[in-house]
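Colleague: Below is one structure. I have some questions about it.
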Amino acid sequence: MFSESRLNQINEIVKRYPEGRHKSALLPVLHLAQEDHGWLSIDTMNEVAGVLNLEPIEVYEVASFYTMFHLKPVGKYVLEVCRTGPCCTVGAEELVQYIEDKLHIQVGETTADGLFTLKTVECLAACGTGPVLQIGPEYKYRENLTPQKIDELIDELRAKG
Amino acid sequence: MSDQIKITIDGESIEVPKGTTILQAARMIGKNYPPAMCYYTPLKNTGGKCRVCLVKVAQASEANPRPMPKLVASCLTQAEHGMVVENESSPEVLEARNGVVEFLLINHPLDCPVCDQAGECDLQNLSFEHGRSETRYEEGRREFDKIDIGPFIQLHMTRCILCYRCVYLADQLTEKRVHGVINRGDVSEISTYIQNAIENDFSGNIIDVCPVGALTDKTYRFKQRVWFSKPFDAHRDCPKCTGKSVLWMKGQDIIRITSRKDKFGEVIDFICNECRFDHKEPHHWVIEGPRDMGEESVISANKYELPVVSPAVNVDAKFVSE
Amino acid sequence: MGRKILLEHIDVPGIQTLDVYRKMGGYNAVTKAIKNMSADEIVEEVKKSGLRGRGGAGFPTGMKWSFLDKKSDKPRYLVCNADESEPGTFKDRYLMEKLPHILIEGMICSSYALGANTSYIYVRGEMMYVIKILEKAIQEAYQAGFLGKNILGSDYSLDLYVQPGGGAYICGEETALLESLEGKRGNPRNKPPFPALWGLYGCPTVVNNVETIADVPWIINNGGEAYAGIGIGKSTGTKLISACGNINKPGVYEIELGISVEEFLNSDEYCGGIANGRKLKAVVAGGSSVPILPADLILTTANGEKRLMTYESLGDGGFVSGTMLGSGGFIVYDDQQCIVRNLWNFTRFYHHESCGQCSPCREGTGWMEKVLHRIENGHGKLSDIDLLVDVAKKIEGKTICPLGEAAAWPVASAIRHFRADFEEHVRNPDSCVKKHLHREMAHAH
Ligand SMILES: Cc1cc2nc3c(=O)[nH]c(=O)nc-3n(C[C@H](O)[C@H](O)[C@H](O)COP(=O)(O)O)c2cc1C
Ligand code: SF4
Ligand code: FES
């Protein structure tokens, strides 16, 4: 369920668009929903449909098109590492394997403690500072990654819990 | 020069009203018009996706001299005065079309021998004309499970070419759309996302607009190959639709009911589910007489063959020997 | 040091704030535009400047603006394309993060010139933190009276919003972007009609890249002619180039169009030469979609002329021996990089990012990826190489949007210039496979 303040926020978002164009709010609202729940369940998407007065299928169609939306449960921290060409010239593939080995999971999997999900994504527009990964929901990038920086990042997130 | 414009296609000129697309103009000329797998005149916003209707605009109009020659989707590109278009007269168009058909087939199961649509499938017809004799595709094929979407309709997604017709139909003909296209790229699929029935008075029409055998009539499945049944025009008094239908008969049995299509394969009047699924007794209908299926149809030409591209499945004797 | 139009003040502490930005002359263009110039005069200056779209296609901005349907009584929109997702391109993110107000100022000036009263900046969703930076800058601009009702006491009003994407390269294509902004799947539209007639919500719309819009304030302040005085021929002004790959100094550089590729690659002001003392093998000069060129052809044209960083010089030789300036994503490969593996990687990108509407792109990109994956993993055949060329050809020019070409060109050009590398992979599968990778990179969606 969206909180009162979320609903107010959604009302503000809808006002950005002309009368009758409230469907434009769908992507921003899906981001908010994912921030609240970590992922988008059918119930969450149905709720988004209700709030924006859309048919549920319209929400499923859109949510499943965009890669940022997780349609299956994920760990608390989703590490999304860029796997595209430029990052591979500076070691992204090796780095992904380092994380896999460190967390004992493969790309697409979640650690047993539910803390981390590892995903690969396409170019994050950080090719000059690769390898790079992003962590939601604020998506601040971690750049110029090395195995040591990964160790520090994992420690930092584990400490936060 | 009022609202009529002149356009030349494969050397033949025709005057058409402003706003007419190249495809419609070619259909008016009436021979060798481009094929269309996604465009569907009765449904708004269709077209532009499959790309089998590509033609070459050799010369643009003087009023709008965009850089030409160029391949364009004839289904959506408006004819302009003085435009010169090449369809089958252009080797480039034919090569492009062969390419598109090849693309449509690489992930297609080629299961025509067991497919209900065989004999009235646009993709099968296209592959006769534009297909290669053997496939160059050696990679794995995309597969989906077939699912029932309600008691009357089966979705066999593996066969779908993503024309979006059924989605536009649901948008435009029914009150509430519950199915759509989910995911993207080559894993896009027609789906309800949650396993749901598509149920409303006009949902059965998605079967008729599907150009391939992705959406089929469950009440008909496996009863008969289409070319062993005979179509009759018939009507009944129906409060929901015009009731103008086609009964597909074997002897005295109605084995399936569809809407009537014009010579371009497009539905003339959409019929309701009650007419389509609930009235399988001949005495429910006023039978007008045999339906003329046009000379291009496999059914009347009686020339059904196996697909040109080597099929991926064994021919199931049960279905071809009758 | 080359002339800086965009990045001049990038190192000024606090330049992200409106106060500091104004102290450096920021928002003067808004004042000048709204108080002293008519909308048409601005369009005229932009035409004179010769500014070309910085999003990739290089279409003259002034001309695009003059196509906008001003006769219709529908509202008009300006939409800024900040979806930046083309591999190798990271200039817009840099600009927005470091100098948010230059984009806001550009949006106000350009919206005024186009007669738009509501404008949107569509930022790819992954840059959520950039969205926060922009939203803060917009808030400051509202407070200072540069946005909102009756800007600077005039009768011009403008509302400006930031819209997040959801993770889809295709939404950089302008009509897919508009669909996405309408809350739909990012399926590109068939064109014509172009956005100038039928854009956002079916209204006349201009879509411009971040950098294009950020150039407008300078043009207003200094005049179109002064802008046209920078650069060479039809490549006027400066361009942000994002340089990456095996170079000493990856980063975003503002260059005057017309410096030589060699200078850009080797001078310490820019890339600083190939890293680790290795040799140059190839360059993809304008983002992953443009043709790759081997070392000799990127430095000199087929006619033996020095290759310059301009639209024309990079394009010299067409697709046989030239490439494109594109979005300015400059990717450098040293002699240790594997062209086949890189191409497989790019093909996987286009396969993954195809919206899936039209058959040649939906099916063809996957086919190319699978064949390249086989070759890269030692299961290729010599005939696969020509098959790839043919599949690329059957996609190119047959699709709804240019993603088809973007997927086909890298394949065609890599095979044209590096056929021997592909043959070597087939003949000697062990030669280039990245052996130290003990697992194949996951294929998952
Ligand atoms: C597949 C594809 C992706 C694109 N991505 C971007 C992008 O991320 N940013 C951008 O500004 N333009 C992108 N473009 C170009 C836009 O369609 C459009 O031409 C551009 O935004 C126009 O702005 P400009 O004239 O200022 O360059 C892309 C085009 C295609 C076909
Ligand atoms: S070319 Fe590709 S991305 Fe563009 S519309 Fe067609 S399928 Fe979609
Ligand atoms: S009928 Fe024109 S693209 Fe499908």
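Chains: A, B, ... in order of the structure tokens. Residues: from 1 per chain. Ligands: from 1, in order shown.
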Quick check: residues of chain B within 6 Å of chain C, only C-alpha atoms, returned as a PyMOL selection string.
Modeller: chain B and resi 49-50+99-100+103+184-186
Colleague: For chain C versus chain A, which residues have an atom no more than 7 Å away, and what is each residue's nearest atom pair and distance in Å rounded to one decimal, using only C-alpha atoms, chain-then-number order, as CSV?
Modeller:
residue,atom,partner,partner_atom,distance
C:Glu84,CA,A:Ala125,CA,6.6
C:Ser85,CA,A:Ala125,CA,5.9
C:Pro87,CA,A:Cys123,CA,5.5
C:Gly88,CA,A:Cys127,CA,5.7
C:Thr89,CA,A:Ala125,CA,5.8
C:Phe90,CA,A:Ala125,CA,4.5
C:Glu126,CA,A:Tyr139,CA,6.2
C:Met127,CA,A:Tyr139,CA,6.6
C:Met128,CA,A:Tyr139,CA,5.7
C:Tyr129,CA,A:Lys140,CA,5.9
C:Tyr161,CA,A:Arg16,CA,6.9
C:Pro164,CA,A:Pro28,CA,6.2
C:Gly165,CA,A:Leu27,CA,6.7
C:Gly166,CA,A:Tyr66,CA,5.1
C:Gly167,CA,A:Thr67,CA,4.9
C:Ala168,CA,A:Tyr66,CA,5.7
C:Leu181,CA,A:Ser24,CA,5.7
C:Glu182,CA,A:Ser24,CA,4.3
C:Gly183,CA,A:Ser24,CA,4.0
C:Lys184,CA,A:Val62,CA,5.9
C:Arg185,CA,A:Val62,CA,5.1
C:Ala243,CA,A:Gly128,CA,6.4
C:Cys244,CA,A:Gly128,CA,4.7
C:Gly245,CA,A:Pro86,CA,5.7
C:Asn246,CA,A:Thr89,CA,6.8
C:Pro250,CA,A:Gly128,CA,4.9
C:Gly251,CA,A:Gly128,CA,5.3
C:Ile331,CA,A:Pro86,CA,6.7
C:Asn342,CA,A:Gly85,CA,5.8
C:Asn345,CA,A:Gly85,CA,5.8
C:Phe346,CA,A:Gly85,CA,6.3
C:Phe349,CA,A:Glu122,CA,6.7
C:Leu437,CA,A:Glu94,CA,6.7
C:Met441,CA,A:Glu93,CA,6.9
C:Ala442,CA,A:Val107,CA,6.2
C:Ala444,CA,A:Gly108,CA,7.0
Colleague: As a ChimeraX atom specification, please: the residues near Ile206 of chain B (cut-off 9 Å, only C-alpha atoms, same-chain neighbours under 6 positions excluded).
Modeller: /B:153,165-167,169-170,215-216
Colleague: For a test of reading the model, state the distance in Å between atom CA of Ile131 of chain C and atom CA of Lys91 of chain C, rounded to one decimal.
Modeller: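 Separating atom CA of Ile131 of chain C from atom CA of Lys91 of chain C is a distance of 15.4 Å.
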Colleague: With only C-alpha atoms as the counted atoms, please give the residues lying no more than 9 Å from segment 300-312 of chain C, apart from itself and same-chain residues fewer than 5 positions off, as a VMD selection string.
Modeller: chain C and resid 58 231 to 236 255 to 262 264 295 317 321 to 322 324 to 326
Colleague: What residues of the protein or nucleic acid chains come within 9 Å of ligand 1 when you use only C-alpha atoms and all ligand atoms? Reply as a PDB file with N, CA, C and O atoms, in the first residue's frame.
Modeller:
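New file selection.pdb:
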ATOM      1  N   ARG C  52      24.766  21.827 -35.100  1.00  0.00           N
ATOM      2  CA  ARG C  52      24.153  20.562 -35.522  1.00  0.00           C
ATOM      3  C   ARG C  52      23.902  19.696 -34.306  1.00  0.00           C
ATOM      4  O   ARG C  52      24.647  19.725 -33.343  1.00  0.00           O
ATOM      5  N   GLY C  53      22.813  18.937 -34.363  1.00  0.00           N
ATOM      6  CA  GLY C  53      22.374  18.126 -33.231  1.00  0.00           C
ATOM      7  C   GLY C  53      23.508  17.271 -32.695  1.00  0.00           C
ATOM      8  O   GLY C  53      24.200  16.590 -33.446  1.00  0.00           O
ATOM      9  N   ARG C  54      23.699  17.304 -31.388  1.00  0.00           N
ATOM     10  CA  ARG C  54      24.813  16.578 -30.775  1.00  0.00           C
ATOM     11  C   ARG C  54      24.416  15.189 -30.301  1.00  0.00           C
ATOM     12  O   ARG C  54      25.186  14.519 -29.618  1.00  0.00           O
ATOM     13  N   GLY C  55      23.186  14.763 -30.612  1.00  0.00           N
ATOM     14  CA  GLY C  55      22.724  13.448 -30.154  1.00  0.00           C
ATOM     15  C   GLY C  55      23.212  12.305 -31.021  1.00  0.00           C
ATOM     16  O   GLY C  55      23.147  11.150 -30.628  1.00  0.00           O
ATOM     17  N   GLY C  56      23.700  12.616 -32.203  1.00  0.00           N
ATOM     18  CA  GLY C  56      24.212  11.538 -33.035  1.00  0.00           C
ATOM     19  C   GLY C  56      24.040  11.778 -34.522  1.00  0.00           C
ATOM     20  O   GLY C  56      24.944  11.565 -35.311  1.00  0.00           O
ATOM     21  N   ALA C  57      22.863  12.252 -34.902  1.00  0.00           N
ATOM     22  CA  ALA C  57      22.593  12.366 -36.334  1.00  0.00           C
ATOM     23  C   ALA C  57      23.181  13.643 -36.941  1.00  0.00           C
ATOM     24  O   ALA C  57      23.375  13.723 -38.149  1.00  0.00           O
ATOM     25  N   GLY C  58      23.457  14.646 -36.121  1.00  0.00           N
ATOM     26  CA  GLY C  58      24.079  15.864 -36.642  1.00  0.00           C
ATOM     27  C   GLY C  58      23.167  16.697 -37.520  1.00  0.00           C
ATOM     28  O   GLY C  58      23.625  17.433 -38.391  1.00  0.00           O
ATOM     29  N   PHE C  59      21.867  16.617 -37.287  1.00  0.00           N
ATOM     30  CA  PHE C  59      20.922  17.399 -38.090  1.00  0.00           C
ATOM     31  C   PHE C  59      20.967  18.867 -37.649  1.00  0.00           C
ATOM     32  O   PHE C  59      20.985  19.146 -36.457  1.00  0.00           O
ATOM     33  N   PRO C  60      20.999  19.813 -38.619  1.00  0.00           N
ATOM     34  CA  PRO C  60      21.088  21.234 -38.252  1.00  0.00           C
ATOM     35  C   PRO C  60      19.939  21.649 -37.332  1.00  0.00           C
ATOM     36  O   PRO C  60      18.771  21.517 -37.683  1.00  0.00           O
ATOM     37  N   THR C  61      20.293  22.170 -36.172  1.00  0.00           N
ATOM     38  CA  THR C  61      19.291  22.468 -35.149  1.00  0.00           C
ATOM     39  C   THR C  61      18.346  23.585 -35.581  1.00  0.00           C
ATOM     40  O   THR C  61      17.128  23.483 -35.391  1.00  0.00           O
ATOM     41  N   LYS C  64      15.777  22.215 -37.877  1.00  0.00           N
ATOM     42  CA  LYS C  64      14.801  21.399 -37.154  1.00  0.00           C
ATOM     43  C   LYS C  64      13.790  22.301 -36.450  1.00  0.00           C
ATOM     44  O   LYS C  64      12.586  22.060 -36.506  1.00  0.00           O
ATOM     45  N   VAL C  79      11.379  18.785 -25.764  1.00  0.00           N
ATOM     46  CA  VAL C  79      11.780  17.670 -24.923  1.00  0.00           C
ATOM     47  C   VAL C  79      13.279  17.473 -25.074  1.00  0.00           C
ATOM     48  O   VAL C  79      13.791  17.364 -26.187  1.00  0.00           O
ATOM     49  N   CYS C  80      13.965  17.475 -23.950  1.00  0.00           N
ATOM     50  CA  CYS C  80      15.408  17.271 -23.991  1.00  0.00           C
ATOM     51  C   CYS C  80      15.714  15.788 -23.851  1.00  0.00           C
ATOM     52  O   CYS C  80      15.227  15.117 -22.940  1.00  0.00           O
ATOM     53  N   ASN C  81      16.533  15.310 -24.762  1.00  0.00           N
ATOM     54  CA  ASN C  81      16.901  13.903 -24.767  1.00  0.00           C
ATOM     55  C   ASN C  81      18.151  13.703 -23.904  1.00  0.00           C
ATOM     56  O   ASN C  81      19.267  13.982 -24.315  1.00  0.00           O
ATOM     57  N   ALA C  82      17.929  13.254 -22.678  1.00  0.00           N
ATOM     58  CA  ALA C  82      19.039  12.960 -21.765  1.00  0.00           C
ATOM     59  C   ALA C  82      19.018  11.475 -21.436  1.00  0.00           C
ATOM     60  O   ALA C  82      19.218  11.069 -20.301  1.00  0.00           O
ATOM     61  N   ASP C  83      18.753  10.668 -22.470  1.00  0.00           N
ATOM     62  CA  ASP C  83      18.674   9.228 -22.254  1.00  0.00           C
ATOM     63  C   ASP C  83      20.047   8.576 -22.389  1.00  0.00           C
ATOM     64  O   ASP C  83      20.204   7.373 -22.154  1.00  0.00           O
ATOM     65  N   GLU C  84      21.010   9.345 -22.806  1.00  0.00           N
ATOM     66  CA  GLU C  84      22.390   8.888 -23.049  1.00  0.00           C
ATOM     67  C   GLU C  84      22.671   7.425 -22.691  1.00  0.00           C
ATOM     68  O   GLU C  84      22.945   7.092 -21.539  1.00  0.00           O
ATOM     69  N   SER C  85      22.607   6.574 -23.693  1.00  0.00           N
ATOM     70  CA  SER C  85      22.851   5.142 -23.456  1.00  0.00           C
ATOM     71  C   SER C  85      23.708   4.499 -24.528  1.00  0.00           C
ATOM     72  O   SER C  85      23.915   3.294 -24.502  1.00  0.00           O
ATOM     73  N   GLU C  86      24.155   5.273 -25.486  1.00  0.00           N
ATOM     74  CA  GLU C  86      24.954   4.698 -26.565  1.00  0.00           C
ATOM     75  C   GLU C  86      26.335   4.321 -26.008  1.00  0.00           C
ATOM     76  O   GLU C  86      27.052   5.192 -25.502  1.00  0.00           O
ATOM     77  N   THR C  89      29.437   6.636 -24.865  1.00  0.00           N
ATOM     78  CA  THR C  89      29.009   8.033 -24.747  1.00  0.00           C
ATOM     79  C   THR C  89      28.655   8.350 -23.304  1.00  0.00           C
ATOM     80  O   THR C  89      27.798   7.703 -22.718  1.00  0.00           O
ATOM     81  N   ASP C  92      26.819  13.677 -21.684  1.00  0.00           N
ATOM     82  CA  ASP C  92      25.645  14.381 -21.165  1.00  0.00           C
ATOM     83  C   ASP C  92      25.542  14.213 -19.650  1.00  0.00           C
ATOM     84  O   ASP C  92      25.191  15.144 -18.932  1.00  0.00           O
ATOM     85  N   ARG C 124      17.640   9.185 -18.481  1.00  0.00           N
ATOM     86  CA  ARG C 124      17.555   7.732 -18.269  1.00  0.00           C
ATOM     87  C   ARG C 124      17.480   7.448 -16.768  1.00  0.00           C
ATOM     88  O   ARG C 124      18.155   8.085 -15.950  1.00  0.00           O
ATOM     89  N   TYR C 169      17.748   1.479 -23.825  1.00  0.00           N
ATOM     90  CA  TYR C 169      18.525   2.277 -24.784  1.00  0.00           C
ATOM     91  C   TYR C 169      17.632   2.853 -25.871  1.00  0.00           C
ATOM     92  O   TYR C 169      17.823   3.984 -26.306  1.00  0.00           O
ATOM     93  N   ILE C 170      16.644   2.068 -26.279  1.00  0.00           N
ATOM     94  CA  ILE C 170      15.827   2.501 -27.418  1.00  0.00           C
ATOM     95  C   ILE C 170      15.108   3.816 -27.128  1.00  0.00           C
ATOM     96  O   ILE C 170      14.746   4.551 -28.038  1.00  0.00           O
ATOM     97  N   CYS C 171      14.902   4.128 -25.853  1.00  0.00           N
ATOM     98  CA  CYS C 171      14.211   5.382 -25.539  1.00  0.00           C
ATOM     99  C   CYS C 171      15.060   6.605 -25.858  1.00  0.00           C
ATOM    100  O   CYS C 171      14.601   7.731 -25.729  1.00  0.00           O
ATOM    101  N   GLY C 172      16.294   6.415 -26.294  1.00  0.00           N
ATOM    102  CA  GLY C 172      17.076   7.529 -26.832  1.00  0.00           C
ATOM    103  C   GLY C 172      16.617   7.899 -28.226  1.00  0.00           C
ATOM    104  O   GLY C 172      16.815   9.031 -28.671  1.00  0.00           O
ATOM    105  N   GLU C 173      16.002   6.958 -28.924  1.00  0.00           N
ATOM    106  CA  GLU C 173      15.425   7.263 -30.233  1.00  0.00           C
ATOM    107  C   GLU C 173      14.253   8.193 -29.971  1.00  0.00           C
ATOM    108  O   GLU C 173      13.412   7.910 -29.133  1.00  0.00           O
ATOM    109  N   GLU C 174      14.173   9.299 -30.712  1.00  0.00           N
ATOM    110  CA  GLU C 174      13.295  10.370 -30.246  1.00  0.00           C
ATOM    111  C   GLU C 174      11.822  10.005 -30.159  1.00  0.00           C
ATOM    112  O   GLU C 174      11.133  10.455 -29.248  1.00  0.00           O
ATOM    113  N   THR C 175      11.332   9.174 -31.067  1.00  0.00           N
ATOM    114  CA  THR C 175       9.899   8.860 -30.976  1.00  0.00           C
ATOM    115  C   THR C 175       9.626   7.800 -29.906  1.00  0.00           C
ATOM    116  O   THR C 175       8.562   7.799 -29.294  1.00  0.00           O
ATOM    117  N   ALA C 176      10.599   6.928 -29.670  1.00  0.00           N
ATOM    118  CA  ALA C 176      10.459   5.987 -28.550  1.00  0.00           C
ATOM    119  C   ALA C 176      10.468   6.764 -27.244  1.00  0.00           C
ATOM    120  O   ALA C 176       9.713   6.464 -26.312  1.00  0.00           O
ATOM    121  N   LEU C 177      11.306   7.788 -27.200  1.00  0.00           N
ATOM    122  CA  LEU C 177      11.367   8.638 -26.016  1.00  0.00           C
ATOM    123  C   LEU C 177      10.001   9.283 -25.752  1.00  0.00           C
ATOM    124  O   LEU C 177       9.526   9.319 -24.620  1.00  0.00           O
ATOM    125  N   PRO C 188       9.487   2.756 -30.895  1.00  0.00           N
ATOM    126  CA  PRO C 188       9.577   3.877 -31.831  1.00  0.00           C
ATOM    127  C   PRO C 188       8.352   3.938 -32.739  1.00  0.00           C
ATOM    128  O   PRO C 188       7.722   2.921 -33.011  1.00  0.00           O
ATOM    129  N   VAL C 206       9.760  19.475 -30.472  1.00  0.00           N
ATOM    130  CA  VAL C 206      11.172  19.371 -30.844  1.00  0.00           C
ATOM    131  C   VAL C 206      11.871  18.521 -29.799  1.00  0.00           C
ATOM    132  O   VAL C 206      11.670  18.710 -28.596  1.00  0.00           O
ATOM    133  N   VAL C 207      12.655  17.551 -30.258  1.00  0.00           N
ATOM    134  CA  VAL C 207      13.490  16.764 -29.349  1.00  0.00           C
ATOM    135  C   VAL C 207      14.940  17.112 -29.654  1.00  0.00           C
ATOM    136  O   VAL C 207      15.369  17.045 -30.801  1.00  0.00           O
ATOM    137  N   ASN C 208      15.671  17.527 -28.630  1.00  0.00           N
ATOM    138  CA  ASN C 208      17.088  17.848 -28.809  1.00  0.00           C
ATOM    139  C   ASN C 208      17.922  17.213 -27.706  1.00  0.00           C
ATOM    140  O   ASN C 208      17.468  17.051 -26.574  1.00  0.00           O
ATOM    141  N   ASN C 209      19.144  16.938 -28.076  1.00  0.00           N
ATOM    142  CA  ASN C 209      20.104  16.371 -27.141  1.00  0.00           C
ATOM    143  C   ASN C 209      20.507  17.411 -26.077  1.00  0.00           C
ATOM    144  O   ASN C 209      20.429  18.620 -26.302  1.00  0.00           O
ATOM    145  N   VAL C 210      20.972  16.934 -24.930  1.00  0.00           N
ATOM    146  CA  VAL C 210      21.417  17.792 -23.825  1.00  0.00           C
ATOM    147  C   VAL C 210      22.449  18.816 -24.296  1.00  0.00           C
ATOM    148  O   VAL C 210      22.328  20.023 -24.043  1.00  0.00           O
ATOM    149  N   GLU C 211      23.458  18.318 -24.982  1.00  0.00           N
ATOM    150  CA  GLU C 211      24.559  19.203 -25.386  1.00  0.00           C
ATOM    151  C   GLU C 211      24.082  20.248 -26.385  1.00  0.00           C
ATOM    152  O   GLU C 211      24.488  21.412 -26.312  1.00  0.00           O
ATOM    153  N   THR C 212      23.227  19.846 -27.311  1.00  0.00           N
ATOM    154  CA  THR C 212      22.685  20.790 -28.285  1.00  0.00           C
ATOM    155  C   THR C 212      22.038  21.961 -27.550  1.00  0.00           C
ATOM    156  O   THR C 212      22.287  23.130 -27.848  1.00  0.00           O
ATOM    157  N   ILE C 213      21.182  21.621 -26.582  1.00  0.00           N
ATOM    158  CA  ILE C 213      20.442  22.663 -25.862  1.00  0.00           C
ATOM    159  C   ILE C 213      21.388  23.513 -25.022  1.00  0.00           C
ATOM    160  O   ILE C 213      21.220  24.728 -24.914  1.00  0.00           O
ATOM    161  N   SER C 289      27.549   2.577 -32.389  1.00  0.00           N
ATOM    162  CA  SER C 289      26.813   2.327 -33.636  1.00  0.00           C
ATOM    163  C   SER C 289      27.591   2.655 -34.895  1.00  0.00           C
ATOM    164  O   SER C 289      27.222   2.208 -35.974  1.00  0.00           O
ATOM    165  N   SER C 327      27.719  10.478 -31.724  1.00  0.00           N
ATOM    166  CA  SER C 327      27.436  11.133 -30.448  1.00  0.00           C
ATOM    167  C   SER C 327      28.721  11.586 -29.759  1.00  0.00           C
ATOM    168  O   SER C 327      28.668  12.140 -28.670  1.00  0.00           O
ATOM    169  N   TYR C 350      22.757  -4.732 -28.867  1.00  0.00           N
ATOM    170  CA  TYR C 350      21.627  -4.347 -29.734  1.00  0.00           C
ATOM    171  C   TYR C 350      20.505  -5.379 -29.660  1.00  0.00           C
ATOM    172  O   TYR C 350      19.320  -5.038 -29.705  1.00  0.00           O
ATOM    173  N   GLU C 353      18.656  -4.661 -26.582  1.00  0.00           N
ATOM    174  CA  GLU C 353      17.969  -3.370 -26.545  1.00  0.00           C
ATOM    175  C   GLU C 353      16.926  -3.186 -27.639  1.00  0.00           C
ATOM    176  O   GLU C 353      16.214  -2.181 -27.648  1.00  0.00           O
ATOM    177  N   SER C 354      16.843  -4.125 -28.574  1.00  0.00           N
ATOM    178  CA  SER C 354      15.808  -4.017 -29.608  1.00  0.00           C
ATOM    179  C   SER C 354      14.441  -4.000 -28.943  1.00  0.00           C
ATOM    180  O   SER C 354      14.179  -4.786 -28.034  1.00  0.00           O
ATOM    181  N   CYS C 401      13.028   2.036 -37.079  1.00  0.00           N
ATOM    182  CA  CYS C 401      13.880   3.090 -36.531  1.00  0.00           C
ATOM    183  C   CYS C 401      15.337   2.740 -36.807  1.00  0.00           C
ATOM    184  O   CYS C 401      15.661   1.626 -37.200  1.00  0.00           O
ATOM    185  N   PRO C 402      16.235   3.688 -36.594  1.00  0.00           N
ATOM    186  CA  PRO C 402      17.636   3.440 -36.950  1.00  0.00           C
ATOM    187  C   PRO C 402      18.385   2.471 -36.035  1.00  0.00           C
ATOM    188  O   PRO C 402      19.571   2.263 -36.235  1.00  0.00           O
ATOM    189  N   LEU C 403      17.727   1.864 -35.047  1.00  0.00           N
ATOM    190  CA  LEU C 403      18.454   0.864 -34.273  1.00  0.00           C
ATOM    191  C   LEU C 403      18.882  -0.284 -35.189  1.00  0.00           C
ATOM    192  O   LEU C 403      19.910  -0.927 -34.966  1.00  0.00           O
ATOM    193  N   GLY C 404      18.105  -0.523 -36.217  1.00  0.00           N
ATOM    194  CA  GLY C 404      18.483  -1.551 -37.186  1.00  0.00           C
ATOM    195  C   GLY C 404      19.854  -1.269 -37.772  1.00  0.00           C
ATOM    196  O   GLY C 404      20.748  -2.121 -37.776  1.00  0.00           O
ATOM    197  N   GLU C 405      20.037  -0.045 -38.246  1.00  0.00           N
ATOM    198  CA  GLU C 405      21.345   0.337 -38.799  1.00  0.00           C
ATOM    199  C   GLU C 405      22.410   0.305 -37.714  1.00  0.00           C
ATOM    200  O   GLU C 405      23.533  -0.125 -37.940  1.00  0.00           O
ATOM    201  N   ALA C 406      22.054   0.806 -36.542  1.00  0.00           N
ATOM    202  CA  ALA C 406      23.021   0.859 -35.443  1.00  0.00           C
ATOM    203  C   ALA C 406      23.539  -0.538 -35.127  1.00  0.00           C
ATOM    204  O   ALA C 406      24.683  -0.705 -34.709  1.00  0.00           O
ATOM    205  N   ALA C 407      22.721  -1.544 -35.327  1.00  0.00           N
ATOM    206  CA  ALA C 407      23.151  -2.921 -35.072  1.00  0.00           C
ATOM    207  C   ALA C 407      23.913  -3.487 -36.264  1.00  0.00           C
ATOM    208  O   ALA C 407      24.820  -4.300 -36.109  1.00  0.00           O
TER     209      ALA C 407
END
Colleague: Identify every residue of chain B that has at least one atom within 8 Å of any atom of chain A, counting only C-alpha atoms, and report the result as a ChimeraX atom specification.
Modeller: /B:176-184,192-193
Colleague: Go ahead and save the residues from that selection, with N, CA and C atoms, as a tab-separated table (two decimals), in the first residue's frame.
Modeller:
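File written: selection-v4.tsv
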chain	number	residue	atom	x	y	z
B	176	LYS	N	-12.54	-3.88	-22.15
B	176	LYS	CA	-11.42	-3.85	-21.22
B	176	LYS	C	-10.36	-4.80	-21.76
B	177	ARG	N	-9.18	-4.28	-21.99
B	177	ARG	CA	-8.13	-5.14	-22.53
B	177	ARG	C	-7.42	-5.84	-21.39
B	178	VAL	N	-7.32	-7.17	-21.46
B	178	VAL	CA	-6.61	-7.88	-20.40
B	178	VAL	C	-5.35	-8.56	-20.93
B	179	HIS	N	-5.13	-8.51	-22.24
B	179	HIS	CA	-3.88	-9.07	-22.75
B	179	HIS	C	-3.12	-8.00	-23.50
B	180	GLY	N	-1.82	-8.23	-23.65
B	180	GLY	CA	-1.00	-7.24	-24.33
B	180	GLY	C	0.35	-7.84	-24.66
B	181	VAL	N	1.30	-6.96	-24.99
B	181	VAL	CA	2.65	-7.44	-25.28
B	181	VAL	C	3.52	-7.16	-24.06
B	182	ILE	N	4.11	-8.20	-23.50
B	182	ILE	CA	5.00	-7.98	-22.37
B	182	ILE	C	6.43	-8.33	-22.77
B	183	ASN	N	7.37	-7.91	-21.94
B	183	ASN	CA	8.80	-8.04	-22.23
B	183	ASN	C	9.15	-7.28	-23.50
B	184	ARG	N	10.39	-7.42	-23.94
B	184	ARG	CA	10.75	-6.68	-25.14
B	184	ARG	C	11.70	-7.48	-26.01
B	192	THR	N	-1.32	-12.37	-20.92
B	192	THR	CA	-2.15	-11.67	-19.95
B	192	THR	C	-1.32	-11.36	-18.71
B	193	TYR	N	-0.07	-11.79	-18.73
B	193	TYR	CA	0.91	-11.70	-17.65
B	193	TYR	C	0.52	-12.64	-16.52
